[in-house]
$ cat model_6.cif   # mmCIF, C-alpha atoms
data_protein
#
loop_
_atom_site.label_atom_id
_atom_site.label_comp_id
_atom_site.auth_asym_id
_atom_site.auth_seq_id
_atom_site.Cartn_x
_atom_site.Cartn_y
_atom_site.Cartn_z
CA MET A 91 -16.27 -6.03 6.86
CA GLN A 92 -16.75 -2.75 8.73
CA VAL A 93 -19.18 -4.33 11.18
CA GLN A 94 -16.71 -7.13 11.95
CA LEU A 95 -13.84 -4.66 12.42
CA GLY A 96 -16.05 -2.51 14.64
CA ILE A 97 -17.04 -5.44 16.83
CA GLY A 98 -13.37 -6.43 17.10
CA ALA A 99 -12.41 -2.89 18.09
CA ILE A 100 -15.14 -2.76 20.74
CA ILE A 101 -14.00 -6.09 22.19
CA ALA A 102 -10.38 -4.89 22.20
CA ALA A 103 -11.41 -1.64 23.92
CA LEU A 104 -13.36 -3.52 26.59
CA PHE A 105 -10.40 -5.82 27.19
CA LEU A 106 -8.07 -2.84 27.54
CA ILE A 107 -10.31 -0.78 29.81
CA LEU A 108 -11.65 -3.57 32.03
CA TYR A 109 -8.64 -5.87 32.33
CA ALA A 110 -5.35 -4.93 30.68
CA ILE A 111 -4.90 -1.36 31.90
CA PRO A 112 -6.01 -1.87 35.53
CA TYR A 113 -3.90 -5.02 35.99
CA TRP A 114 -0.86 -4.40 33.78
CA VAL A 115 -0.22 -0.63 33.95
CA SER A 116 1.12 0.62 37.24
CA SER A 117 1.02 4.23 38.28
CA PRO A 118 2.65 5.97 41.23
CA SER A 119 0.25 7.71 43.57
CA ASN A 120 2.19 10.98 43.60
CA VAL A 121 1.65 11.99 39.93
CA ARG A 122 0.56 15.62 40.11
CA ASN A 123 -0.46 16.14 36.48
CA ILE A 124 -3.12 13.68 35.32
CA VAL A 125 -1.97 13.99 31.69
CA LEU A 126 1.45 12.66 32.69
CA SER A 127 0.01 9.68 34.56
CA PRO A 128 0.89 6.30 33.01
CA LEU A 129 -2.82 5.40 33.21
CA PHE A 130 -4.23 8.45 31.39
CA TRP A 131 -3.18 7.80 27.79
CA PRO A 132 -3.94 4.07 27.77
CA TYR A 133 -7.48 4.84 28.94
CA ILE A 134 -7.78 7.56 26.28
CA LEU A 135 -6.62 5.10 23.58
CA GLY A 136 -8.97 2.41 24.88
CA GLY A 137 -11.91 4.81 24.87
CA LEU A 138 -11.09 6.07 21.38
CA THR A 139 -10.77 2.48 20.15
CA GLY A 140 -14.25 1.76 21.50
CA LEU A 141 -15.72 4.90 19.92
CA ILE A 142 -14.15 4.12 16.55
CA GLY A 143 -15.45 0.56 16.80
CA LEU A 144 -18.94 1.85 17.53
CA ALA A 145 -18.72 4.23 14.56
CA LEU A 146 -17.58 1.36 12.31
CA VAL A 147 -20.51 -0.79 13.41
CA LEU A 148 -23.01 2.02 12.82
CA THR A 149 -21.66 3.01 9.40
CA GLY A 150 -21.28 -0.62 8.42
CA ARG A 151 -24.92 -1.32 9.16
CA GLN A 152 -25.95 1.63 6.97
CA ARG A 153 -23.90 0.25 4.06
CA LEU A 154 -25.17 -3.33 4.22
CA GLY A 155 -27.37 -2.81 1.16
CA GLY A 156 -24.79 -1.25 -1.18
CA GLY A 157 -21.38 -2.27 -2.45
CA ASP A 158 -18.19 -1.12 -0.78
CA PRO A 159 -16.14 0.96 -3.25
CA VAL A 160 -13.07 0.85 -1.01
CA ASN A 161 -12.72 -2.93 -1.13
CA GLU A 162 -13.31 -3.43 -4.86
CA PRO A 163 -10.69 -5.63 -6.54
CA ILE A 164 -7.98 -3.83 -8.49
CA ASP A 165 -7.31 -4.46 -12.18
CA ASP A 166 -3.61 -5.27 -11.86
CA PRO A 167 -2.54 -7.22 -8.73
CA ARG A 168 1.06 -6.05 -9.24
CA GLN A 169 -0.01 -2.57 -8.15
CA GLY A 170 -0.33 -3.81 -4.57
CA MET A 171 3.21 -5.16 -4.56
CA MET A 172 4.53 -1.94 -6.09
CA ARG A 173 2.82 0.11 -3.37
CA LEU A 174 4.22 -2.21 -0.71
CA ALA A 175 7.72 -1.76 -2.13
CA ALA A 176 7.21 2.02 -2.28
CA MET A 177 6.10 1.94 1.37
CA ALA A 178 9.30 0.10 2.33
CA VAL A 179 11.37 2.71 0.47
CA LEU A 180 9.42 5.49 2.21
CA MET A 181 10.13 3.95 5.63
CA MET A 182 13.84 3.61 4.88
CA ALA A 183 13.99 7.18 3.58
CA THR A 184 12.22 8.42 6.71
CA PHE A 185 14.87 6.98 9.01
CA TRP A 186 17.68 8.12 6.71
CA VAL A 187 16.42 11.74 6.62
CA MET A 188 15.41 12.01 10.30
CA PRO A 189 18.90 12.82 11.70
CA TRP A 190 19.21 15.79 9.32
CA LEU A 191 15.69 17.22 9.39
CA GLY A 192 14.50 16.06 12.80
CA MET A 193 11.47 14.06 13.78
CA VAL A 194 8.85 16.77 13.23
CA TRP A 195 9.83 17.84 9.71
CA THR A 196 10.50 14.26 8.60
CA SER A 197 7.10 13.18 9.92
CA MET A 198 5.45 15.92 7.89
CA LEU A 199 7.15 14.80 4.69
CA ALA A 200 6.48 11.12 5.35
CA PHE A 201 2.79 11.82 6.07
CA VAL A 202 2.37 13.70 2.78
CA ALA A 203 4.27 11.05 0.83
CA LEU A 204 2.18 8.25 2.33
CA ALA A 205 -1.08 10.11 1.65
CA PHE A 206 -0.23 10.43 -2.02
CA LEU A 207 1.17 6.90 -2.19
CA VAL A 208 -2.18 5.46 -1.13
CA LYS A 209 -4.00 7.93 -3.42
CA THR A 210 -6.12 9.61 -0.78
CA ARG A 211 -9.47 11.02 -1.80
CA HIS A 212 -8.85 14.02 0.45
CA PRO A 213 -5.44 15.48 -0.49
CA ALA A 214 -6.09 18.92 1.05
CA THR A 215 -7.07 17.38 4.39
CA ALA A 216 -4.06 15.07 4.29
CA PHE A 217 -1.73 17.99 3.60
CA ILE A 218 -3.20 20.09 6.44
CA CYS A 219 -2.99 17.14 8.87
CA ALA A 220 0.59 16.46 7.76
CA ILE A 221 1.53 19.97 8.92
CA VAL A 222 -0.70 20.41 11.97
CA VAL A 223 -0.49 17.01 13.71
CA PRO A 224 3.33 16.84 14.05
CA LEU A 225 3.49 20.48 15.18
CA VAL A 226 0.77 20.00 17.81
CA LEU A 227 2.43 16.81 19.07
CA TYR A 228 5.79 18.57 19.21
CA ALA A 229 4.29 21.51 21.11
CA PHE A 230 2.66 19.19 23.63
CA PHE A 231 5.59 16.88 24.25
CA ALA A 232 8.31 19.55 24.17
CA HIS A 233 6.54 22.32 26.08
CA VAL A 234 3.89 20.63 28.25
CA ALA A 235 5.33 17.19 29.01
CA SER A 236 8.98 18.39 28.85
CA VAL A 237 10.03 15.44 26.68
CA ALA A 238 12.94 16.02 24.32
CA ILE A 239 11.94 15.53 20.69
CA PRO A 240 14.85 14.75 18.33
CA GLN A 241 15.81 17.88 16.38
CA GLY A 242 17.65 17.84 13.10
CA GLU A 243 20.97 19.32 12.11
CA LEU A 244 19.44 21.60 9.47
CA VAL A 245 16.30 22.92 11.17
CA ARG A 246 15.52 23.35 14.88
CA LEU A 247 12.16 24.15 16.43
CA PRO A 248 11.82 26.38 19.49
#

$ encode --input "model_6.cif" --output "structure tokens"
Amino acid sequence: MQVQLGIGAIIAALFLILYAIPYWVSSPSNVRNIVLSPLFWPYILGGLTGLIGLALVLTGRQRLGGGDPVNEPIDDPRQGMMRLAAMAVLMMATFWVMPWLGMVWTSMLAFVALAFLVKTRHPATAFICAIVVPLVLYAFFAHVASVAIPQGELVRLP
């Protein structure tokens, strides 16, 4: 399964980099900061998609002999439906809480809730990423790219 996903990701990355981005994304010639260019981030995402696909192919080939513990069938199929319903409730709660807490704080809470909903094997890493990733994204978009990030009524970031 990993090898097939990896090959699909590599094909998608090649399509993005060689055809979709050059022909469908336009960029003005007077963009001074390369990070703010409309071409920069699509190429970054295309390259990362290709790298992840390559990593999936390599790790998938190493696992061909053994079983895949991630894709083992579950004992009770109703658990999947319960998790799906919990995910829908989490999404609704995220958009209900966002006007009061703001996008950054709500994203942190939603990230932690999702990590524990899917029963991550790395709870400490998930918790650290739930704090660091939204703060780094906020710092970049608010202070480097000068994009307004929705702030909440209760808590405001500088």

$ resolve_selection --input "model_6.cif" --expression "the PyMOL selection byres ((chain A and resi 213-218) around 10)" --output "PyMOL selection string"
chain A and resi 198-199+201-206+209-212+219-223

$ atom_distance --input "model_6.cif" --atom1 "atom CA of Thr149 of chain A" --atom2 "atom CA of Ile101 of chain A"
17.5 Å

$ closest_residue --input "model_6.cif" --among "A:Ile239, A:Leu207, A:Ile142, A:Phe230" --to "Ala176 of chain A" --atoms "only C-alpha atoms"
A:Leu207

$ atom_distance --input "model_6.cif" --atom1 "atom CA of Ala183 of chain A" --atom2 "atom CA of Val208 of chain A"
16.9 Å

$ atom_distance --input "model_6.cif" --atom1 "atom CA of Ala235 of chain A" --atom2 "atom CA of Tyr133 of chain A"
17.8 Å

$ axis_aligned_box --input "model_6.cif" --around "segment 175-183 of chain A" --padding-each-side "4 Å" --output "lines of an AutoDock Vina configuration file"
center_x = 10.0
center_y = 2.7
center_z = 1.7
size_x = 15.9
size_y = 16.9
size_z = 15.9

$ resolve_selection --input "model_6.cif" --expression "the PyMOL selection byres ((chain A and resi 240) around 12)" --output "list in words"
Met188, Pro189, Trp190, Leu191, Gly192, Met193, Val194, Trp195, Thr196, Ser197, Tyr228, Phe231, Ala232, Val237, Ala238, Ile239, Gln241, Gly242, Glu243, Val245, Arg246 and Leu247 of chain A

$ closest_residue --input "model_6.cif" --among "A:Leu108, A:Val187, A:Ala229, A:Leu138" --to "Leu244 of chain A" --atoms "all atoms listed in the file"
A:Val187

$ closest_residue --input "model_6.cif" --among "A:Ile134, A:Val147, A:Ile124, A:Ile111" --to "Gly96 of chain A" --atoms "only C-alpha atoms"
A:Val147

$ closest_residue --input "model_6.cif" --among "A:Leu106, A:Leu225, A:Trp186, A:Ile100" --to "Gly143 of chain A" --atoms "only C-alpha atoms"
A:Ile100

$ resolve_selection --input "model_6.cif" --expression "the PyMOL selection byres ((chain A and resi 136) around 9)" --output "PyMOL selection string"
chain A and resi 102-107+111+131-135+137-141

$ closest_residue --input "model_6.cif" --among "A:Ala110, A:Met182, A:Met91, A:Ile97" --to "Gly150 of chain A" --atoms "all atoms listed in the file"
A:Met91

$ closest_residue --input "model_6.cif" --among "A:Val115, A:Ala200, A:Val93, A:Met181" --to "Leu129 of chain A" --atoms "all atoms listed in the file"
A:Val115
